[in-house]
>>> print(open('final00.cif').read())   # mmCIF, N, CA, C and O atoms
data_structure
loop_
_atom_site.label_atom_id
_atom_site.label_comp_id
_atom_site.auth_asym_id
_atom_site.auth_seq_id
_atom_site.Cartn_x
_atom_site.Cartn_y
_atom_site.Cartn_z
N MET A 1374 -16.04 -2.94 -0.57
CA MET A 1374 -17.17 -2.33 0.07
C MET A 1374 -18.25 -2.06 -0.97
O MET A 1374 -17.93 -1.78 -2.11
N LYS A 1375 -19.45 -2.17 -0.54
CA LYS A 1375 -20.57 -1.95 -1.45
C LYS A 1375 -21.25 -0.62 -1.13
O LYS A 1375 -21.27 -0.19 0.01
N ILE A 1376 -21.81 -0.01 -2.14
CA ILE A 1376 -22.56 1.22 -1.94
C ILE A 1376 -24.01 0.83 -1.74
O ILE A 1376 -24.59 0.09 -2.52
N LYS A 1377 -24.58 1.32 -0.63
CA LYS A 1377 -25.97 1.00 -0.34
C LYS A 1377 -26.89 1.78 -1.27
O LYS A 1377 -26.65 2.95 -1.55
N LYS A 1378 -27.93 1.13 -1.72
CA LYS A 1378 -28.92 1.82 -2.54
C LYS A 1378 -29.95 2.45 -1.62
O LYS A 1378 -30.28 1.91 -0.56
N THR A 1379 -30.47 3.60 -2.02
CA THR A 1379 -31.48 4.26 -1.20
C THR A 1379 -32.82 3.56 -1.36
O THR A 1379 -33.13 2.99 -2.40
N VAL A 1380 -33.59 3.61 -0.32
CA VAL A 1380 -34.92 3.01 -0.33
C VAL A 1380 -35.89 4.06 -0.87
O VAL A 1380 -35.83 5.23 -0.49
N ASN A 1381 -36.77 3.65 -1.76
CA ASN A 1381 -37.75 4.59 -2.29
C ASN A 1381 -38.68 5.03 -1.17
O ASN A 1381 -39.29 4.20 -0.50
N LYS A 1382 -38.80 6.33 -0.97
CA LYS A 1382 -39.65 6.87 0.07
C LYS A 1382 -41.00 7.22 -0.52
O LYS A 1382 -41.11 7.52 -1.70
N THR A 1383 -41.99 7.23 0.32
CA THR A 1383 -43.32 7.61 -0.14
C THR A 1383 -43.38 9.11 -0.34
O THR A 1383 -42.56 9.86 0.19
N ALA A 1384 -44.33 9.55 -1.08
CA ALA A 1384 -44.47 10.98 -1.39
C ALA A 1384 -44.81 11.79 -0.16
O ALA A 1384 -44.59 12.99 -0.12
N SER A 1385 -45.36 11.15 0.89
CA SER A 1385 -45.77 11.90 2.07
C SER A 1385 -44.59 12.31 2.94
O SER A 1385 -44.70 13.23 3.74
N SER A 1386 -43.47 11.63 2.81
CA SER A 1386 -42.32 12.00 3.64
C SER A 1386 -41.66 13.25 3.08
O SER A 1386 -41.58 13.46 1.88
N ALA A 1387 -41.14 14.07 3.98
CA ALA A 1387 -40.49 15.32 3.58
C ALA A 1387 -39.09 15.02 3.06
O ALA A 1387 -38.41 14.14 3.59
N PRO A 1388 -38.64 15.71 2.04
CA PRO A 1388 -37.28 15.47 1.53
C PRO A 1388 -36.22 15.94 2.53
O PRO A 1388 -36.47 16.85 3.33
N ALA A 1389 -35.06 15.32 2.49
CA ALA A 1389 -33.97 15.71 3.38
C ALA A 1389 -33.47 17.10 3.00
O ALA A 1389 -33.52 17.49 1.84
N VAL A 1390 -32.96 17.80 3.99
CA VAL A 1390 -32.53 19.18 3.78
C VAL A 1390 -31.02 19.22 3.58
O VAL A 1390 -30.28 18.54 4.27
N GLY A 1391 -30.56 20.01 2.66
CA GLY A 1391 -29.14 20.27 2.48
C GLY A 1391 -28.37 19.08 1.93
O GLY A 1391 -28.81 18.38 1.05
N GLY A 1392 -27.18 18.84 2.51
CA GLY A 1392 -26.31 17.79 2.02
C GLY A 1392 -26.73 16.40 2.43
O GLY A 1392 -26.13 15.42 2.01
N ALA A 1393 -27.75 16.26 3.27
CA ALA A 1393 -28.18 14.94 3.72
C ALA A 1393 -28.71 14.10 2.56
O ALA A 1393 -28.57 12.89 2.57
N THR A 1394 -29.28 14.73 1.57
CA THR A 1394 -29.79 14.00 0.41
C THR A 1394 -28.65 13.30 -0.32
O THR A 1394 -28.74 12.13 -0.68
N ILE A 1395 -27.55 13.99 -0.52
CA ILE A 1395 -26.41 13.42 -1.22
C ILE A 1395 -25.72 12.38 -0.34
O ILE A 1395 -25.35 11.31 -0.81
N ALA A 1396 -25.57 12.64 0.95
CA ALA A 1396 -24.86 11.73 1.84
C ALA A 1396 -25.58 10.40 1.97
O ALA A 1396 -24.94 9.35 2.08
N ASP A 1397 -26.90 10.38 1.96
CA ASP A 1397 -27.66 9.14 2.10
C ASP A 1397 -27.48 8.23 0.89
O ASP A 1397 -27.57 7.02 1.00
N ARG A 1398 -27.18 8.78 -0.24
CA ARG A 1398 -27.03 7.97 -1.46
C ARG A 1398 -25.73 7.18 -1.48
O ARG A 1398 -25.63 6.17 -2.15
N PHE A 1399 -24.71 7.64 -0.76
CA PHE A 1399 -23.39 7.04 -0.86
C PHE A 1399 -22.89 6.47 0.46
O PHE A 1399 -21.71 6.53 0.76
N LYS A 1400 -23.77 5.89 1.25
CA LYS A 1400 -23.33 5.24 2.48
C LYS A 1400 -22.59 3.96 2.13
O LYS A 1400 -23.03 3.19 1.29
N LEU A 1401 -21.47 3.73 2.80
CA LEU A 1401 -20.68 2.55 2.52
C LEU A 1401 -21.03 1.44 3.50
O LEU A 1401 -21.25 1.68 4.68
N ASP A 1402 -21.06 0.22 3.00
CA ASP A 1402 -21.37 -0.94 3.83
C ASP A 1402 -20.08 -1.43 4.46
O ASP A 1402 -19.22 -2.01 3.80
N ALA A 1403 -19.92 -1.24 5.78
CA ALA A 1403 -18.70 -1.63 6.48
C ALA A 1403 -18.82 -3.00 7.13
O ALA A 1403 -17.91 -3.46 7.79
N ASP A 1404 -19.92 -3.69 6.95
CA ASP A 1404 -20.13 -4.98 7.59
C ASP A 1404 -19.61 -6.15 6.76
O ASP A 1404 -19.88 -7.30 7.07
N GLU A 1405 -18.88 -5.87 5.71
CA GLU A 1405 -18.38 -6.91 4.82
C GLU A 1405 -17.24 -7.66 5.51
O GLU A 1405 -16.34 -7.06 6.08
N PRO A 1406 -17.23 -9.00 5.49
CA PRO A 1406 -16.15 -9.75 6.14
C PRO A 1406 -14.82 -9.58 5.41
O PRO A 1406 -14.79 -9.35 4.20
N GLN A 1407 -13.73 -9.70 6.16
CA GLN A 1407 -12.40 -9.56 5.57
C GLN A 1407 -12.07 -10.78 4.73
O GLN A 1407 -12.36 -11.90 5.09
N LYS A 1408 -11.43 -10.56 3.60
CA LYS A 1408 -11.03 -11.64 2.72
C LYS A 1408 -9.63 -12.11 3.09
O LYS A 1408 -8.86 -11.39 3.70
N LYS A 1409 -9.30 -13.33 2.67
CA LYS A 1409 -7.95 -13.86 2.91
C LYS A 1409 -6.96 -13.13 2.01
O LYS A 1409 -7.32 -12.54 1.01
N ALA A 1410 -5.69 -13.21 2.40
CA ALA A 1410 -4.65 -12.57 1.61
C ALA A 1410 -4.58 -13.20 0.23
O ALA A 1410 -4.54 -14.41 0.10
N GLY A 1411 -4.60 -12.39 -0.78
CA GLY A 1411 -4.62 -12.89 -2.15
C GLY A 1411 -3.35 -12.54 -2.89
O GLY A 1411 -2.28 -12.47 -2.31
N PRO A 1412 -3.46 -12.31 -4.18
CA PRO A 1412 -2.29 -12.00 -5.00
C PRO A 1412 -1.57 -10.73 -4.57
O PRO A 1412 -0.36 -10.62 -4.75
N ALA A 1413 -2.28 -9.79 -3.99
CA ALA A 1413 -1.64 -8.54 -3.57
C ALA A 1413 -0.63 -8.80 -2.46
O ALA A 1413 0.44 -8.19 -2.44
N ALA A 1414 -0.93 -9.72 -1.55
CA ALA A 1414 -0.01 -10.04 -0.47
C ALA A 1414 1.24 -10.74 -1.02
O ALA A 1414 2.35 -10.49 -0.56
N LYS A 1415 1.06 -11.59 -2.01
CA LYS A 1415 2.19 -12.30 -2.60
C LYS A 1415 3.11 -11.33 -3.35
O LYS A 1415 4.33 -11.41 -3.24
N SER A 1416 2.52 -10.41 -4.09
CA SER A 1416 3.34 -9.46 -4.83
C SER A 1416 4.03 -8.47 -3.89
O SER A 1416 5.15 -8.04 -4.17
N THR A 1417 3.38 -8.14 -2.79
CA THR A 1417 4.01 -7.25 -1.81
C THR A 1417 5.20 -7.94 -1.17
O THR A 1417 6.25 -7.32 -0.98
N ALA A 1418 5.06 -9.22 -0.83
CA ALA A 1418 6.17 -9.97 -0.25
C ALA A 1418 7.32 -10.09 -1.25
O ALA A 1418 8.49 -9.95 -0.88
N ALA A 1419 7.00 -10.34 -2.51
CA ALA A 1419 8.05 -10.44 -3.54
C ALA A 1419 8.79 -9.12 -3.69
O ALA A 1419 10.03 -9.10 -3.79
N ALA A 1420 8.06 -8.02 -3.68
CA ALA A 1420 8.70 -6.70 -3.80
C ALA A 1420 9.57 -6.41 -2.58
O ALA A 1420 10.66 -5.85 -2.70
N PHE A 1421 9.11 -6.81 -1.39
CA PHE A 1421 9.89 -6.58 -0.17
C PHE A 1421 11.20 -7.36 -0.21
O PHE A 1421 12.26 -6.81 0.07
N TYR A 1422 11.14 -8.64 -0.57
CA TYR A 1422 12.35 -9.46 -0.60
C TYR A 1422 13.30 -9.01 -1.71
O TYR A 1422 14.52 -9.07 -1.55
N THR A 1423 12.77 -8.55 -2.81
CA THR A 1423 13.62 -8.02 -3.88
C THR A 1423 14.32 -6.74 -3.43
O THR A 1423 15.52 -6.55 -3.68
N ALA A 1424 13.60 -5.88 -2.75
CA ALA A 1424 14.20 -4.64 -2.23
C ALA A 1424 15.26 -4.96 -1.17
O ALA A 1424 16.31 -4.30 -1.11
N LEU A 1425 15.00 -5.96 -0.33
CA LEU A 1425 15.96 -6.36 0.69
C LEU A 1425 17.24 -6.91 0.03
O LEU A 1425 18.35 -6.56 0.45
N ALA A 1426 17.09 -7.71 -1.01
CA ALA A 1426 18.26 -8.24 -1.73
C ALA A 1426 19.04 -7.10 -2.39
O ALA A 1426 20.28 -7.10 -2.39
N ALA A 1427 18.33 -6.11 -2.94
CA ALA A 1427 19.00 -4.97 -3.56
C ALA A 1427 19.77 -4.16 -2.52
O ALA A 1427 20.89 -3.70 -2.78
N LEU A 1428 19.21 -4.00 -1.34
CA LEU A 1428 19.87 -3.26 -0.27
C LEU A 1428 21.14 -3.98 0.18
O LEU A 1428 22.18 -3.35 0.40
N VAL A 1429 21.07 -5.29 0.31
CA VAL A 1429 22.25 -6.07 0.68
C VAL A 1429 23.32 -5.95 -0.41
O VAL A 1429 24.51 -5.77 -0.12
N THR A 1430 22.91 -6.04 -1.67
CA THR A 1430 23.85 -5.92 -2.79
C THR A 1430 24.53 -4.55 -2.78
O THR A 1430 25.75 -4.45 -2.98
N ILE A 1431 23.78 -3.51 -2.54
CA ILE A 1431 24.36 -2.16 -2.48
C ILE A 1431 25.35 -2.05 -1.33
O ILE A 1431 26.43 -1.46 -1.47
N GLY A 1432 25.02 -2.65 -0.20
CA GLY A 1432 25.94 -2.63 0.94
C GLY A 1432 27.24 -3.35 0.65
O GLY A 1432 28.33 -2.85 0.98
N VAL A 1433 27.15 -4.52 0.03
CA VAL A 1433 28.36 -5.29 -0.31
C VAL A 1433 29.21 -4.52 -1.32
O VAL A 1433 30.43 -4.43 -1.18
N LEU A 1434 28.58 -3.95 -2.34
CA LEU A 1434 29.34 -3.20 -3.34
C LEU A 1434 29.99 -1.95 -2.75
O LEU A 1434 31.11 -1.59 -3.12
N THR A 1435 29.31 -1.29 -1.83
CA THR A 1435 29.88 -0.12 -1.17
C THR A 1435 31.11 -0.52 -0.36
O THR A 1435 32.15 0.16 -0.39
N PHE A 1436 31.01 -1.64 0.34
CA PHE A 1436 32.15 -2.13 1.12
C PHE A 1436 33.33 -2.47 0.21
O PHE A 1436 34.47 -2.12 0.50
N ILE A 1437 33.06 -3.14 -0.92
CA ILE A 1437 34.13 -3.51 -1.85
C ILE A 1437 34.79 -2.25 -2.43
O ILE A 1437 36.02 -2.17 -2.52
N LEU A 1438 33.99 -1.26 -2.82
CA LEU A 1438 34.56 -0.02 -3.36
C LEU A 1438 35.40 0.71 -2.32
O LEU A 1438 36.47 1.27 -2.63
N TYR A 1439 34.96 0.72 -1.08
CA TYR A 1439 35.72 1.38 -0.02
C TYR A 1439 37.06 0.68 0.19
O TYR A 1439 38.10 1.33 0.30
N LYS A 1440 37.02 -0.66 0.24
CA LYS A 1440 38.28 -1.41 0.44
C LYS A 1440 39.21 -1.22 -0.77
O LYS A 1440 40.44 -1.12 -0.60
N HIS A 1441 38.69 -1.14 -1.96
CA HIS A 1441 39.49 -0.92 -3.15
C HIS A 1441 40.12 0.48 -3.10
O HIS A 1441 41.30 0.65 -3.41
N TRP A 1442 39.36 1.49 -2.70
CA TRP A 1442 39.87 2.83 -2.58
C TRP A 1442 40.96 2.88 -1.51
O TRP A 1442 41.99 3.55 -1.67
N GLU A 1443 40.77 2.15 -0.41
CA GLU A 1443 41.75 2.08 0.66
C GLU A 1443 43.04 1.43 0.14
O GLU A 1443 44.14 1.83 0.51
N PHE A 1444 42.93 0.44 -0.72
CA PHE A 1444 44.08 -0.25 -1.31
C PHE A 1444 44.87 0.68 -2.23
O PHE A 1444 46.09 0.64 -2.28
N LEU A 1445 44.13 1.51 -3.00
CA LEU A 1445 44.79 2.38 -3.97
C LEU A 1445 45.49 3.58 -3.35
O LEU A 1445 46.45 4.12 -3.91
N MET A 1446 45.04 4.03 -2.18
CA MET A 1446 45.63 5.20 -1.53
C MET A 1446 46.97 4.81 -0.89
O MET A 1446 47.06 3.84 -0.16
N PRO A 1447 48.02 5.59 -1.21
CA PRO A 1447 49.31 5.28 -0.58
C PRO A 1447 49.30 5.65 0.90
O PRO A 1447 48.68 6.62 1.32
N ALA A 1448 49.96 4.87 1.67
CA ALA A 1448 50.01 5.10 3.12
C ALA A 1448 51.03 6.13 3.51
O ALA A 1448 51.92 6.50 2.92
#
>>> encode(input="final00.cif", output="C-alpha coordinates")
Amino acid sequence: MKIKKTVNKTASSAPAVGGATIADRFKLDADEPQKKAGPAAKSTAAAFYTALAALVTIGVLTFILYKHWEFLMPA
(Lines of atoms letter the chains of each structure in order from A and count residues from 1; the text may use other names and numbers.)
(Lines give C-alpha, C1' and ligand atoms only; values in the text may rest on other atoms or scores of the structure.)
Protein backbone atom coordinates (compact mmCIF):
# COMPACT_ATOMS: atom_id res chain seq x y z
CA MET A 1 0.00 0.00 0.00
CA LYS A 2 1.16 3.48 -0.72
CA ILE A 3 0.83 6.55 1.44
CA LYS A 4 -0.92 9.37 -0.36
CA LYS A 5 0.85 12.70 -0.40
CA THR A 6 -1.16 15.75 0.58
CA VAL A 7 -1.97 18.32 -2.04
CA ASN A 8 -0.60 21.79 -1.39
CA LYS A 9 -3.52 24.02 -0.47
CA THR A 10 -3.72 27.70 -1.20
CA ALA A 11 -3.31 30.18 1.61
CA SER A 12 -6.96 31.21 1.34
CA SER A 13 -8.28 27.85 2.52
CA ALA A 14 -8.80 27.41 6.24
CA PRO A 15 -6.61 24.82 7.99
CA ALA A 16 -8.24 21.60 9.18
CA VAL A 17 -9.26 21.50 12.82
CA GLY A 18 -8.00 18.98 15.35
CA GLY A 19 -6.82 15.53 14.29
CA ALA A 20 -8.00 15.95 10.69
CA THR A 21 -4.69 17.56 9.78
CA ILE A 22 -2.75 14.49 10.85
CA ALA A 23 -5.26 11.99 9.41
CA ASP A 24 -5.15 13.57 5.93
CA ARG A 25 -1.39 13.07 5.72
CA PHE A 26 -1.52 9.31 6.20
CA LYS A 27 -4.39 8.10 4.03
CA LEU A 28 -3.67 4.66 2.63
CA ASP A 29 -4.25 3.82 -1.02
CA ALA A 30 -6.50 0.72 -1.05
CA ASP A 31 -6.97 0.64 -4.83
CA GLU A 32 -3.74 -1.28 -5.42
CA PRO A 33 -4.27 -4.57 -7.34
CA GLN A 34 -3.49 -7.85 -5.61
CA LYS A 35 -0.17 -9.46 -6.47
CA LYS A 36 0.33 -13.13 -7.30
CA ALA A 37 1.55 -15.50 -4.62
CA GLY A 38 5.29 -15.10 -4.26
CA PRO A 39 8.03 -16.49 -2.06
CA ALA A 40 5.94 -16.01 1.08
CA ALA A 41 3.36 -18.52 -0.17
CA LYS A 42 6.07 -21.06 -0.98
CA SER A 43 7.72 -20.74 2.41
CA THR A 44 4.35 -20.98 4.15
CA ALA A 45 3.56 -24.19 2.28
CA ALA A 46 6.99 -25.61 3.15
CA ALA A 47 6.49 -24.79 6.83
CA PHE A 48 3.02 -26.37 6.78
CA TYR A 49 4.21 -29.63 5.22
CA THR A 50 7.20 -29.78 7.58
CA ALA A 51 4.90 -29.31 10.57
CA LEU A 52 2.55 -31.99 9.21
CA ALA A 53 5.46 -34.43 8.83
CA ALA A 54 6.61 -33.64 12.38
CA LEU A 55 3.10 -34.29 13.71
CA VAL A 56 2.93 -37.65 11.94
CA THR A 57 6.39 -38.55 13.29
CA ILE A 58 5.33 -37.67 16.84
CA GLY A 59 2.20 -39.80 16.45
CA VAL A 60 4.15 -42.82 15.20
CA LEU A 61 6.73 -42.51 17.99
CA THR A 62 4.00 -42.19 20.62
CA PHE A 63 2.35 -45.34 19.30
CA ILE A 64 5.68 -47.23 19.33
CA LEU A 65 6.44 -46.12 22.92
CA TYR A 66 2.96 -47.15 24.06
CA LYS A 67 3.29 -50.60 22.47
CA HIS A 68 6.76 -51.01 23.99
CA TRP A 69 5.43 -50.05 27.44
CA GLU A 70 2.57 -52.53 26.94
CA PHE A 71 5.14 -55.24 26.08
CA LEU A 72 7.22 -54.53 29.19
CA MET A 73 4.31 -54.62 31.65
CA PRO A 74 3.62 -58.10 33.00
CA ALA A 75 0.09 -59.36 32.49
>>> atom_distance(input="final00.cif", atom1="atom CA of A:Thr1417", atom2="atom CA of A:Thr1435")
26.8 Å
>>> atom_distance(input="final00.cif", atom1="atom N of A:Leu1434", atom2="atom O of A:Tyr1422")
15.0 Å
>>> atom_distance(input="final00.cif", atom1="atom C of A:Trp1442", atom2="atom N of A:Thr1430")
20.1 Å
